[in-house]
file coords33.cif (mmCIF, C-alpha atoms and all ligand atoms)
data_protein
#
loop_
_atom_site.label_atom_id
_atom_site.label_comp_id
_atom_site.auth_asym_id
_atom_site.auth_seq_id
_atom_site.Cartn_x
_atom_site.Cartn_y
_atom_site.Cartn_z
CA MET A 1151 53.88 11.45 -160.37
CA ARG A 1152 52.71 8.26 -158.61
CA ASN A 1153 51.04 8.38 -155.22
CA THR A 1154 53.56 6.82 -152.80
CA SER A 1155 50.83 5.07 -150.80
CA GLU A 1156 49.80 3.01 -153.84
CA GLU A 1157 51.33 -0.38 -154.53
CA VAL A 1158 54.14 -0.48 -157.07
CA ARG A 1159 52.63 -2.04 -160.19
CA VAL A 1160 55.00 -4.45 -161.89
CA LEU A 1161 54.94 -5.97 -165.36
CA ILE A 1162 56.97 -9.18 -165.73
CA TYR A 1163 58.42 -9.14 -169.26
CA GLY A 1164 60.07 -12.52 -169.97
CA VAL A 1165 59.00 -15.29 -167.61
CA GLY A 1166 61.85 -17.78 -168.09
CA ALA A 1167 64.16 -18.94 -165.31
CA ILE A 1168 65.11 -15.46 -164.13
CA GLY A 1169 61.76 -13.75 -164.76
CA SER A 1170 60.12 -16.50 -162.68
CA ARG A 1171 62.55 -15.97 -159.80
CA ILE A 1172 61.95 -12.23 -159.94
CA ALA A 1173 58.16 -12.72 -159.92
CA LYS A 1174 58.38 -15.07 -156.91
CA LEU A 1175 60.55 -12.60 -155.02
CA ILE A 1176 58.16 -9.74 -155.78
CA LEU A 1177 55.26 -11.83 -154.46
CA LYS A 1178 57.13 -12.22 -151.14
CA LYS A 1179 57.73 -8.48 -150.74
CA LYS A 1180 55.27 -5.91 -149.41
CA GLY A 1181 54.02 -3.00 -151.49
CA PHE A 1182 54.30 -4.60 -154.94
CA LYS A 1183 51.55 -5.80 -157.23
CA ILE A 1184 52.09 -7.83 -160.40
CA VAL A 1185 49.73 -6.39 -163.01
CA GLY A 1186 50.78 -8.20 -166.17
CA ALA A 1187 53.14 -10.72 -167.74
CA VAL A 1188 54.56 -11.07 -171.24
CA ASP A 1189 56.36 -14.04 -172.78
CA ILE A 1190 56.41 -15.44 -176.31
CA SER A 1191 57.28 -19.01 -175.36
CA PRO A 1192 54.61 -21.54 -176.41
CA ASP A 1193 55.22 -23.24 -173.03
CA ARG A 1194 54.19 -20.14 -171.14
CA LYS A 1195 51.83 -17.90 -173.11
CA GLY A 1196 48.12 -18.24 -172.31
CA LYS A 1197 48.81 -19.73 -168.87
CA ASP A 1198 48.26 -18.21 -165.44
CA LEU A 1199 51.48 -16.63 -164.14
CA GLY A 1200 51.24 -18.70 -160.92
CA GLU A 1201 51.44 -21.92 -162.94
CA VAL A 1202 54.28 -20.62 -165.13
CA ILE A 1203 56.49 -19.64 -162.17
CA GLY A 1204 55.68 -22.90 -160.38
CA ILE A 1205 53.70 -21.79 -157.34
CA SER A 1206 50.62 -23.64 -156.19
CA ARG A 1207 48.10 -20.82 -156.67
CA GLU A 1208 46.69 -18.85 -159.55
CA LEU A 1209 47.55 -15.16 -159.66
CA GLY A 1210 44.81 -14.07 -162.06
CA VAL A 1211 47.49 -12.74 -164.45
CA ILE A 1212 47.56 -14.51 -167.81
CA VAL A 1213 50.93 -14.55 -169.58
CA SER A 1214 50.46 -12.85 -172.94
CA GLU A 1215 52.66 -12.94 -176.02
CA ASP A 1216 51.29 -9.55 -177.06
CA ALA A 1217 53.37 -6.91 -175.31
CA GLU A 1218 51.64 -4.04 -177.10
CA GLU A 1219 48.22 -5.19 -175.96
CA ILE A 1220 49.33 -5.61 -172.33
CA LEU A 1221 51.17 -2.29 -172.24
CA SER A 1222 48.11 -0.51 -173.66
CA SER A 1223 45.61 -2.13 -171.32
CA VAL A 1224 47.52 -2.26 -168.02
CA LYS A 1225 49.02 0.61 -166.01
CA ALA A 1226 52.44 -0.38 -164.70
CA ASP A 1227 55.10 1.62 -162.84
CA VAL A 1228 57.96 -0.67 -163.82
CA ALA A 1229 58.66 -3.58 -166.14
CA VAL A 1230 61.16 -6.18 -165.01
CA HIS A 1231 62.58 -7.41 -168.26
CA ALA A 1232 64.46 -10.73 -168.73
CA THR A 1233 64.39 -11.97 -172.32
CA SER A 1234 67.84 -11.72 -173.95
CA SER A 1235 71.48 -10.78 -173.42
CA PHE A 1236 71.92 -8.49 -176.42
CA PHE A 1237 71.20 -4.76 -176.58
CA LYS A 1238 70.12 -4.67 -180.24
CA THR A 1239 67.74 -7.58 -179.68
CA VAL A 1240 66.05 -6.01 -176.65
CA TYR A 1241 66.05 -2.43 -177.95
CA PRO A 1242 62.60 -2.63 -179.66
CA GLN A 1243 61.10 -4.40 -176.61
CA ILE A 1244 62.47 -1.79 -174.20
CA ALA A 1245 61.68 1.18 -176.45
CA ASN A 1246 58.07 -0.03 -176.59
CA ILE A 1247 57.85 -0.29 -172.79
CA VAL A 1248 59.35 3.20 -172.45
CA LYS A 1249 56.87 4.67 -174.98
CA HIS A 1250 54.09 3.54 -172.66
CA GLY A 1251 55.61 5.55 -169.81
CA VAL A 1252 56.87 2.55 -167.85
CA ASN A 1253 60.28 2.35 -166.09
CA VAL A 1254 62.49 -0.64 -166.97
CA VAL A 1255 64.86 -2.83 -164.96
CA SER A 1256 66.35 -5.40 -167.32
CA THR A 1257 68.75 -8.32 -166.92
CA CYS A 1258 70.03 -7.84 -170.48
CA GLU A 1259 73.81 -8.07 -170.00
CA GLU A 1260 74.74 -5.62 -172.74
CA LEU A 1261 72.26 -3.06 -171.38
CA ALA A 1262 74.38 -2.89 -168.20
CA TYR A 1263 76.69 -0.59 -170.21
CA PRO A 1264 75.24 -0.35 -173.73
CA TYR A 1265 77.31 2.63 -174.91
CA ILE A 1266 80.12 0.30 -176.09
CA VAL A 1267 77.71 -1.83 -178.14
CA ASP A 1268 76.04 0.98 -180.04
CA ALA A 1269 76.54 4.51 -178.75
CA SER A 1270 73.89 6.08 -180.99
CA LEU A 1271 71.26 3.47 -180.07
CA ALA A 1272 72.09 4.06 -176.39
CA ALA A 1273 71.70 7.82 -176.94
CA SER A 1274 68.32 7.20 -178.64
CA LEU A 1275 67.15 5.12 -175.70
CA ASP A 1276 68.30 7.82 -173.29
CA SER A 1277 66.39 10.52 -175.23
CA LEU A 1278 63.31 8.33 -175.50
CA ALA A 1279 63.33 7.61 -171.75
CA LYS A 1280 63.72 11.33 -170.99
CA LYS A 1281 60.89 12.21 -173.38
CA HIS A 1282 58.57 9.78 -171.61
CA GLY A 1283 59.81 10.63 -168.10
CA VAL A 1284 61.04 7.14 -167.21
CA THR A 1285 64.30 5.44 -166.26
CA VAL A 1286 65.94 2.39 -167.87
CA LEU A 1287 68.53 0.25 -166.08
CA GLY A 1288 70.38 -2.92 -167.11
CA THR A 1289 71.52 -4.88 -164.08
CA GLY A 1290 71.92 -8.29 -162.47
CA ILE A 1291 74.68 -10.06 -160.60
CA ASN A 1292 77.23 -10.08 -163.39
CA PRO A 1293 77.24 -7.69 -165.11
CA GLY A 1294 75.51 -5.35 -162.70
CA PHE A 1295 77.18 -6.04 -159.39
CA LEU A 1296 80.07 -8.42 -158.66
CA MET A 1297 82.54 -7.44 -161.39
CA ASP A 1298 81.67 -3.75 -161.68
CA THR A 1299 79.52 -2.08 -158.99
CA LEU A 1300 81.32 -3.85 -156.12
CA PRO A 1301 84.89 -3.07 -157.27
CA ILE A 1302 83.77 0.51 -158.00
CA ALA A 1303 82.44 0.78 -154.41
CA LEU A 1304 85.66 -0.73 -152.99
CA SER A 1305 87.76 1.76 -154.95
CA GLY A 1306 86.12 4.42 -152.80
CA VAL A 1307 88.57 3.71 -149.95
CA CYS A 1308 91.68 3.98 -152.11
CA GLN A 1309 93.97 7.01 -152.42
CA GLU A 1310 95.77 5.57 -155.44
CA ILE A 1311 95.15 2.51 -157.62
CA GLU A 1312 97.67 0.65 -159.79
CA SER A 1313 95.43 -2.20 -160.92
CA ILE A 1314 92.15 -4.02 -160.28
CA ARG A 1315 91.71 -7.77 -160.66
CA VAL A 1316 88.31 -9.44 -160.26
CA GLU A 1317 87.77 -13.21 -160.45
CA ARG A 1318 84.53 -15.16 -160.35
CA VAL A 1319 84.84 -18.94 -160.06
CA ILE A 1320 81.68 -21.05 -160.16
CA ASP A 1321 81.31 -24.81 -159.63
CA ALA A 1322 78.84 -25.57 -162.42
CA ALA A 1323 77.86 -28.86 -160.73
CA LYS A 1324 75.83 -26.75 -158.31
CA ARG A 1325 73.97 -24.93 -161.08
CA ARG A 1326 70.95 -25.91 -163.17
CA LEU A 1327 71.40 -28.20 -166.21
CA PRO A 1328 70.78 -25.48 -168.87
CA PHE A 1329 73.70 -23.55 -167.32
CA GLN A 1330 75.96 -26.65 -167.43
CA LYS A 1331 75.05 -27.16 -171.09
CA LYS A 1332 75.54 -23.47 -171.88
CA ILE A 1333 79.18 -23.72 -170.76
CA GLY A 1334 79.85 -26.90 -172.77
CA ALA A 1335 80.29 -29.29 -169.83
CA GLY A 1336 80.73 -32.90 -171.05
CA LEU A 1337 81.73 -32.01 -174.63
CA SER A 1338 85.00 -33.06 -176.27
CA PRO A 1339 87.41 -30.16 -176.98
CA GLN A 1340 86.58 -30.53 -180.72
CA GLU A 1341 82.82 -30.39 -180.06
CA PHE A 1342 83.40 -27.33 -177.86
CA ASP A 1343 85.28 -25.57 -180.71
CA GLU A 1344 82.45 -26.43 -183.12
CA MET A 1345 79.84 -25.03 -180.73
CA ILE A 1346 81.87 -21.82 -180.38
CA LYS A 1347 82.15 -21.50 -184.18
CA LYS A 1348 78.39 -22.01 -184.57
CA GLY A 1349 77.73 -19.42 -181.85
CA ARG A 1350 75.96 -21.99 -179.69
CA ILE A 1351 78.41 -21.39 -176.86
CA THR A 1352 78.84 -17.67 -176.41
CA GLY A 1353 80.71 -17.63 -173.12
CA HIS A 1354 79.92 -15.03 -170.55
CA VAL A 1355 78.25 -11.92 -171.96
CA GLY A 1356 79.09 -8.74 -170.10
CA LEU A 1357 82.81 -8.65 -169.27
CA GLU A 1358 83.29 -5.79 -171.71
CA GLN A 1359 80.42 -3.94 -170.02
CA SER A 1360 81.96 -4.44 -166.56
CA VAL A 1361 85.44 -3.26 -167.64
CA SER A 1362 83.91 -0.19 -169.28
CA MET A 1363 81.69 0.66 -166.31
CA ILE A 1364 84.66 0.54 -163.91
CA ALA A 1365 86.74 2.66 -166.29
CA ASP A 1366 83.93 5.21 -166.62
CA ALA A 1367 83.39 5.43 -162.85
CA LEU A 1368 87.14 5.93 -162.23
CA LYS A 1369 87.56 8.16 -165.31
CA LEU A 1370 90.36 5.96 -166.61
CA ASP A 1371 91.58 6.61 -170.14
CA LEU A 1372 91.71 3.02 -171.37
CA GLU A 1373 93.51 2.43 -174.66
CA GLU A 1374 91.54 -0.71 -175.26
CA VAL A 1375 89.00 -3.06 -173.77
CA LYS A 1376 90.27 -6.48 -174.79
CA VAL A 1377 88.13 -9.59 -174.40
CA GLU A 1378 90.00 -12.88 -174.86
CA PRO A 1379 88.26 -15.69 -176.73
CA VAL A 1380 86.26 -18.14 -174.62
CA ARG A 1381 88.44 -21.14 -173.70
CA PRO A 1382 87.44 -24.58 -172.48
CA VAL A 1383 88.45 -25.77 -169.01
CA ILE A 1384 89.68 -29.34 -169.58
CA ALA A 1385 89.07 -31.88 -166.79
CA GLU A 1386 92.36 -33.12 -165.27
CA LYS A 1387 90.49 -36.04 -163.70
CA PRO A 1388 86.91 -37.39 -164.01
CA VAL A 1389 84.38 -34.98 -162.50
CA GLU A 1390 80.60 -35.01 -162.48
CA SER A 1391 77.43 -33.18 -161.64
CA ARG A 1392 74.13 -34.92 -160.95
CA GLU A 1393 73.34 -34.81 -164.67
CA ILE A 1394 76.69 -34.79 -166.53
CA LYS A 1395 79.81 -37.00 -166.27
CA VAL A 1396 83.03 -35.43 -167.54
CA GLU A 1397 85.92 -37.79 -168.34
CA LYS A 1398 89.55 -36.71 -168.00
CA GLY A 1399 90.51 -34.67 -171.10
CA MET A 1400 86.92 -33.60 -171.81
CA VAL A 1401 85.45 -30.13 -171.30
CA ALA A 1402 84.33 -29.34 -167.74
CA GLY A 1403 83.26 -25.76 -168.55
CA LEU A 1404 84.74 -22.52 -169.75
CA THR A 1405 86.82 -19.54 -168.85
CA GLN A 1406 87.07 -16.04 -170.26
CA THR A 1407 89.23 -13.04 -169.43
CA ALA A 1408 88.85 -9.36 -170.26
CA TYR A 1409 91.28 -6.49 -169.83
CA GLY A 1410 91.15 -2.75 -169.66
CA LEU A 1411 94.57 -1.69 -170.99
CA ILE A 1412 96.61 1.42 -170.21
CA SER A 1413 100.09 1.77 -171.81
CA GLY A 1414 99.75 -1.80 -173.03
CA GLU A 1415 99.35 -3.15 -169.48
CA PRO A 1416 96.16 -4.44 -167.87
CA PHE A 1417 94.85 -1.88 -165.40
CA ILE A 1418 91.61 -3.86 -165.07
CA THR A 1419 91.55 -7.68 -165.34
CA LEU A 1420 88.31 -9.65 -165.09
CA VAL A 1421 88.42 -13.46 -165.04
CA PHE A 1422 85.26 -15.56 -165.29
CA LYS A 1423 85.44 -19.35 -164.78
CA ALA A 1424 82.52 -21.76 -164.62
CA TYR A 1425 83.17 -25.49 -164.67
CA ILE A 1426 82.16 -28.75 -163.06
CA GLY A 1427 84.55 -29.73 -160.28
CA ALA A 1428 85.88 -26.29 -159.29
CA ARG A 1429 87.65 -26.97 -155.98
CA GLU A 1430 86.61 -23.65 -154.51
CA GLU A 1431 83.89 -21.23 -155.57
CA TYR A 1432 84.66 -17.58 -154.92
CA ASP A 1433 84.36 -13.96 -155.96
CA SER A 1434 87.60 -12.11 -155.44
CA ILE A 1435 88.55 -8.49 -155.88
CA ILE A 1436 92.15 -7.38 -155.51
CA ILE A 1437 92.93 -3.70 -155.83
CA GLU A 1438 96.65 -2.99 -155.90
CA GLY A 1439 96.67 0.46 -154.43
CA THR A 1440 96.90 2.57 -151.32
CA PRO A 1441 95.58 0.89 -149.24
CA ARG A 1442 95.68 -2.56 -150.89
CA ILE A 1443 92.26 -4.27 -150.99
CA ASN A 1444 91.93 -8.05 -150.93
CA GLN A 1445 88.28 -9.02 -150.75
CA ARG A 1446 87.06 -12.58 -151.13
CA ILE A 1447 83.47 -13.85 -150.99
CA THR A 1448 83.36 -17.59 -150.55
CA PRO A 1449 81.49 -19.52 -151.77
CA CYS A 1450 80.77 -17.24 -154.73
CA VAL A 1451 77.46 -15.41 -154.70
CA HIS A 1452 74.62 -17.54 -156.13
CA GLY A 1453 73.99 -15.96 -159.53
CA ASP A 1454 70.26 -16.61 -160.02
CA LEU A 1455 69.22 -15.75 -156.46
CA ALA A 1456 71.29 -12.60 -156.49
CA THR A 1457 70.15 -11.50 -159.95
CA ALA A 1458 66.52 -11.58 -158.83
CA ALA A 1459 67.53 -9.66 -155.70
CA VAL A 1460 69.53 -6.97 -157.52
CA VAL A 1461 66.62 -6.45 -159.93
CA VAL A 1462 63.97 -6.14 -157.22
CA ASN A 1463 66.20 -4.05 -154.95
CA SER A 1464 66.86 -1.65 -157.84
CA ILE A 1465 63.15 -0.98 -158.48
CA PRO A 1466 62.62 1.88 -155.97
CA LYS A 1467 65.94 3.47 -156.97
CA VAL A 1468 64.95 3.34 -160.64
CA ILE A 1469 61.49 4.79 -159.98
CA LYS A 1470 63.06 7.65 -157.99
CA ALA A 1471 65.94 8.31 -160.41
CA PRO A 1472 65.86 11.18 -162.89
CA PRO A 1473 64.58 10.00 -166.30
CA GLY A 1474 66.98 8.53 -168.84
CA LEU A 1475 69.19 5.52 -169.49
CA LYS A 1476 71.23 4.73 -166.36
CA THR A 1477 73.86 2.21 -165.31
CA MET A 1478 74.49 0.91 -161.80
CA LYS A 1479 77.24 3.48 -161.28
CA ASP A 1480 74.67 6.27 -161.77
CA LEU A 1481 72.27 5.09 -159.05
CA PRO A 1482 72.58 5.40 -155.25
CA VAL A 1483 74.56 2.76 -153.31
CA PRO A 1484 72.87 -0.64 -153.81
CA SER A 1485 70.87 -1.90 -150.84
CA ALA A 1486 68.22 -4.50 -150.09
CA VAL A 1487 64.48 -3.84 -150.03
CA LEU A 1488 63.51 -5.55 -146.77
CA GLY A 1489 60.35 -3.79 -145.63
CA ASP A 1490 57.46 -2.39 -147.61
CA VAL A 1491 58.87 -0.95 -150.85
CA ARG A 1492 56.60 2.11 -150.46
CA LYS A 1493 58.75 3.25 -147.49
CA TYR A 1494 61.73 3.51 -149.83
CA LEU A 1495 59.66 5.49 -152.30
CA ALA A 1496 58.29 7.84 -149.63
CA ASP A 1497 61.84 8.55 -148.35
CA LYS A 1498 62.80 11.96 -149.74
CA SER A 1499 66.59 11.27 -149.78
N1 LIG B 1501 72.94 -9.58 -165.74
C1 LIG B 1501 72.96 -10.75 -165.11
O1 LIG B 1501 73.64 -10.92 -164.10
C2 LIG B 1501 72.09 -11.87 -165.60
C3 LIG B 1501 71.84 -12.96 -164.74
C4 LIG B 1501 71.00 -13.98 -165.20
C5 LIG B 1501 70.44 -13.92 -166.47
N2 LIG B 1501 70.74 -12.86 -167.28
C6 LIG B 1501 70.15 -12.79 -168.62
O2 LIG B 1501 68.76 -12.57 -168.50
C7 LIG B 1501 68.10 -13.15 -169.63
C8 LIG B 1501 66.98 -14.07 -169.14
O3 LIG B 1501 67.57 -15.19 -168.51
P1 LIG B 1501 66.76 -16.55 -168.31
O4 LIG B 1501 67.71 -17.52 -167.71
O5 LIG B 1501 65.48 -16.25 -167.62
O6 LIG B 1501 66.45 -16.95 -169.83
P2 LIG B 1501 65.28 -17.89 -170.33
O7 LIG B 1501 65.01 -18.96 -169.33
O8 LIG B 1501 65.63 -18.26 -171.74
O9 LIG B 1501 63.98 -16.93 -170.34
C9 LIG B 1501 63.76 -15.91 -171.28
C10 LIG B 1501 62.27 -15.91 -171.60
O10 LIG B 1501 61.96 -14.76 -172.38
C11 LIG B 1501 61.19 -15.18 -173.51
N3 LIG B 1501 61.37 -14.23 -174.60
C12 LIG B 1501 62.38 -14.17 -175.51
N4 LIG B 1501 62.17 -13.14 -176.35
C13 LIG B 1501 61.01 -12.54 -175.96
C14 LIG B 1501 60.28 -11.43 -176.45
N5 LIG B 1501 60.69 -10.75 -177.50
N6 LIG B 1501 59.15 -11.10 -175.81
C15 LIG B 1501 58.70 -11.79 -174.73
N7 LIG B 1501 59.35 -12.86 -174.25
C16 LIG B 1501 60.51 -13.23 -174.84
C17 LIG B 1501 61.75 -16.55 -173.83
O11 LIG B 1501 60.90 -17.29 -174.68
P3 LIG B 1501 61.59 -18.41 -175.64
O12 LIG B 1501 62.11 -19.46 -174.69
O13 LIG B 1501 60.47 -18.89 -176.51
O14 LIG B 1501 62.69 -17.71 -176.38
C18 LIG B 1501 61.85 -17.14 -172.43
O15 LIG B 1501 60.61 -17.63 -171.98
C19 LIG B 1501 69.18 -13.91 -170.41
O16 LIG B 1501 69.63 -13.14 -171.49
C20 LIG B 1501 70.28 -14.09 -169.40
O17 LIG B 1501 71.56 -14.25 -169.99
C21 LIG B 1501 71.53 -11.85 -166.86
#
call {"tool": "encode", "arguments": {"input": "coords33.cif", "output": "structure tokens", "more": "lines below"}}
Ligand SMILES: NC(=O)c1ccc[n+]([C@@H]2O[C@H](COP(=O)([O-])OP(=O)(O)OC[C@H]3O[C@@H](n4cnc5c(N)ncnc54)[C@H](OP(=O)(O)O)[C@@H]3O)[C@@H](O)[C@H]2O)c1
result
Amino acid sequence: MRNTSEEVRVLIYGVGAIGSRIAKLILKKKGFKIVGAVDISPDRKGKDLGEVIGISRELGVIVSEDAEEILSSVKADVAVHATSSFFKTVYPQIANIVKHGVNVVSTCEELAYPYIVDASLAASLDSLAKKHGVTVLGTGINPGFLMDTLPIALSGVCQEIESIRVERVIDAAKRRLPFQKKIGAGLSPQEFDEMIKKGRITGHVGLEQSVSMIADALKLDLEEVKVEPVRPVIAEKPVESREIKVEKGMVAGLTQTAYGLISGEPFITLVFKAYIGAREEYDSIIIEGTPRINQRITPCVHGDLATAAVVVNSIPKVIKAPPGLKTMKDLPVPSAVLGDVRKYLADKS
């Protein structure tokens, strides 16, 4: 049991774009202390964390590629983990953190609802976390909030529900270049198909997780979770970002849809679109039910900023949760950590 007056000791595991944002946010908040950092990238390992995350001061924490060594030599309460999207890839990393008695909040998309990827591996992680008295959570903006936790929360005002439709539309011109490349912006349709075949464009990871989390929360008996193939969004006129020009007929980005089917009909529909030149950016949730819900957030929530926020805001809830593997639907209502995080930990509720 940690003393609630002590700072919350955080290990940053994966110091790429998102890990860096999380570290910077933690540095701004009261009651946290970064005690270690792990990353295998040759660009990052061996450097001071301050330099790696792009702030103008040293933090006295050297980024190490040796997770085992850091976990054995440093006492942490929680690891914020941001290395990969796939459950089987992150499993050994997370199992190792758990074996050292450290809680985990990870941005791994498949960990947001890992039971549908590999139920027995998820059960092993749950048992391991219980054995070591810690909690593991996969979260972020999407999956983790906009297309699952938020519609689940909104369903709480409905007497009956006939269907749920969630759409996220992002103008990729406003996002960083790696994101624009990841969605194939600027490619020809043939090049896009090739990249899909080679697995170099994977589309959005996590729609299946979001459909399944909603279905689990609402105890829906889905016949099938169906994820459509990733499709290119073709530019109808020339569009551009600061870095990429897209001619008419070329690929501006991608779209993907997933369904949760009951009696052959979509009860849950999730639509993800990210492309350069989107006329409007929004997050929309329509629940056809009693009462009908029509919620629209415009412009859409900024993914990177919000992912760092959801991760940091989840830390006290994860530390206080009963041990085991959890999803966002298992934790208390999401809320921001504004004051000293120790106040949230001292709160007995
Ligand atoms: N749930 C959500 O809403 C959400 C939102 C944003 C991001 N994500 C996911 O979060 C993950 C991180 O995103 P990102 O943009 O920060 O990616 P990134 O920029 O590629 O950063 C990942 C970092 O982790 C390092 N790494 C990879 N494997 C490692 C290992 N085994 N041990 C230690 N370090 C390792 C990488 O090194 P190398 O470069 O050498 O591989 C890289 O420095 C991605 O999978 C992303 O899709 C989820």
call {"tool": "residues_near_ligand", "arguments": {"input": "coords33.cif", "ligand": "ligand LIG 1501 (chain B)", "cutoff": "6 Å", "atoms": "only C-alpha atoms and all ligand atoms", "output": "PyMOL selection string"}}
result
chain A and resi 1164-1169+1188-1191+1232-1235+1257-1259+1289-1294+1454+1457
call {"tool": "write_last_selection", "arguments": {"input": "coords33.cif", "atoms": "C-alpha atoms", "output": "mmCIF file, in the frame of the given file"}}
result
data_model
loop_
_atom_site.group_PDB
_atom_site.id
_atom_site.type_symbol
_atom_site.label_atom_id
_atom_site.label_comp_id
_atom_site.auth_asym_id
_atom_site.auth_seq_id
_atom_site.Cartn_x
_atom_site.Cartn_y
_atom_site.Cartn_z
ATOM 1 C CA GLY A 1164 60.070 -12.520 -169.970
ATOM 2 C CA VAL A 1165 59.000 -15.290 -167.610
ATOM 3 C CA GLY A 1166 61.850 -17.780 -168.090
ATOM 4 C CA ALA A 1167 64.160 -18.940 -165.310
ATOM 5 C CA ILE A 1168 65.110 -15.460 -164.130
ATOM 6 C CA GLY A 1169 61.760 -13.750 -164.760
ATOM 7 C CA VAL A 1188 54.560 -11.070 -171.240
ATOM 8 C CA ASP A 1189 56.360 -14.040 -172.780
ATOM 9 C CA ILE A 1190 56.410 -15.440 -176.310
ATOM 10 C CA SER A 1191 57.280 -19.010 -175.360
ATOM 11 C CA ALA A 1232 64.460 -10.730 -168.730
ATOM 12 C CA THR A 1233 64.390 -11.970 -172.320
ATOM 13 C CA SER A 1234 67.840 -11.720 -173.950
ATOM 14 C CA SER A 1235 71.480 -10.780 -173.420
ATOM 15 C CA THR A 1257 68.750 -8.320 -166.920
ATOM 16 C CA CYS A 1258 70.030 -7.840 -170.480
ATOM 17 C CA GLU A 1259 73.810 -8.070 -170.000
ATOM 18 C CA THR A 1289 71.520 -4.880 -164.080
ATOM 19 C CA GLY A 1290 71.920 -8.290 -162.470
ATOM 20 C CA ILE A 1291 74.680 -10.060 -160.600
ATOM 21 C CA ASN A 1292 77.230 -10.080 -163.390
ATOM 22 C CA PRO A 1293 77.240 -7.690 -165.110
ATOM 23 C CA GLY A 1294 75.510 -5.350 -162.700
ATOM 24 C CA ASP A 1454 70.260 -16.610 -160.020
ATOM 25 C CA THR A 1457 70.150 -11.500 -159.950
#
call {"tool": "closest_residue", "arguments": {"input": "coords33.cif", "among": "A:Thr1285, A:Ser1170, A:Thr1419, A:Thr1440", "to": "Thr1407 of chain A", "atoms": "only C-alpha atoms"}}
result
A:Thr1419
call {"tool": "residues_around", "arguments": {"input": "coords33.cif", "residues": "Leu1370 of chain A", "least_positions_apart": "3", "cutoff": "12 Å", "atoms": "all atoms listed in the file", "output": "list in words"}}
result
Ile1311, Glu1312, Ser1313, Ile1314, Val1361, Ser1362, Met1363, Ile1364, Ala1365, Asp1366, Ala1367, Glu1373, Glu1374, Val1375, Gly1410, Leu1411, Ile1412, Ser1413, Pro1416, Phe1417 and Ile1418 of chain A
call {"tool": "write_last_selection", "arguments": {"input": "coords33.cif", "atoms": "C-alpha atoms", "output": "PDB file, in the frame of the given file"}}
result
ATOM      1  CA  ILE A1311      95.150   2.510-157.620  1.00  0.00           C
ATOM      2  CA  GLU A1312      97.670   0.650-159.790  1.00  0.00           C
ATOM      3  CA  SER A1313      95.430  -2.200-160.920  1.00  0.00           C
ATOM      4  CA  ILE A1314      92.150  -4.020-160.280  1.00  0.00           C
ATOM      5  CA  VAL A1361      85.440  -3.260-167.640  1.00  0.00           C
ATOM      6  CA  SER A1362      83.910  -0.190-169.280  1.00  0.00           C
ATOM      7  CA  MET A1363      81.690   0.660-166.310  1.00  0.00           C
ATOM      8  CA  ILE A1364      84.660   0.540-163.910  1.00  0.00           C
ATOM      9  CA  ALA A1365      86.740   2.660-166.290  1.00  0.00           C
ATOM     10  CA  ASP A1366      83.930   5.210-166.620  1.00  0.00           C
ATOM     11  CA  ALA A1367      83.390   5.430-162.850  1.00  0.00           C
ATOM     12  CA  GLU A1373      93.510   2.430-174.660  1.00  0.00           C
ATOM     13  CA  GLU A1374      91.540  -0.710-175.260  1.00  0.00           C
ATOM     14  CA  VAL A1375      89.000  -3.060-173.770  1.00  0.00           C
ATOM     15  CA  GLY A1410      91.150  -2.750-169.660  1.00  0.00           C
ATOM     16  CA  LEU A1411      94.570  -1.690-170.990  1.00  0.00           C
ATOM     17  CA  ILE A1412      96.610   1.420-170.210  1.00  0.00           C
ATOM     18  CA  SER A1413     100.090   1.770-171.810  1.00  0.00           C
ATOM     19  CA  PRO A1416      96.160  -4.440-167.870  1.00  0.00           C
ATOM     20  CA  PHE A1417      94.850  -1.880-165.400  1.00  0.00           C
ATOM     21  CA  ILE A1418      91.610  -3.860-165.070  1.00  0.00           C
TER      22      ILE A1418
END
call {"tool": "axis_aligned_box", "arguments": {"input": "coords33.cif", "around": "segment 1199-1207 of chain A", "padding_each_side": "8 Å", "output": "AutoDock Vina command-line options"}}
result
--center_x 52.3 --center_y -20.1 --center_z -160.7 --size_x 24.4 --size_y 23.0 --size_z 24.9
call {"tool": "atom_distance", "arguments": {"input": "coords33.cif", "atom1": "atom CA of Ala1458 of chain A", "atom2": "atom CA of His1231 of chain A"}}
result
11.0 Å
call {"tool": "atom_distance", "arguments": {"input": "coords33.cif", "atom1": "atom CA of Gly1196 of chain A", "atom2": "atom CA of Glu1208 of chain A"}}
result
12.9 Å
call {"tool": "atom_distance", "arguments": {"input": "coords33.cif", "atom1": "atom CA of Arg1381 of chain A", "atom2": "atom CA of Leu1404 of chain A"}}
result
5.6 Å
call {"tool": "closest_residue", "arguments": {"input": "coords33.cif", "among": "A:Ile1320, A:Gly1336, A:Ala1402, A:Val1491", "to": "Arg1429 of chain A", "atoms": "all atoms listed in the file"}}
result
A:Ile1320
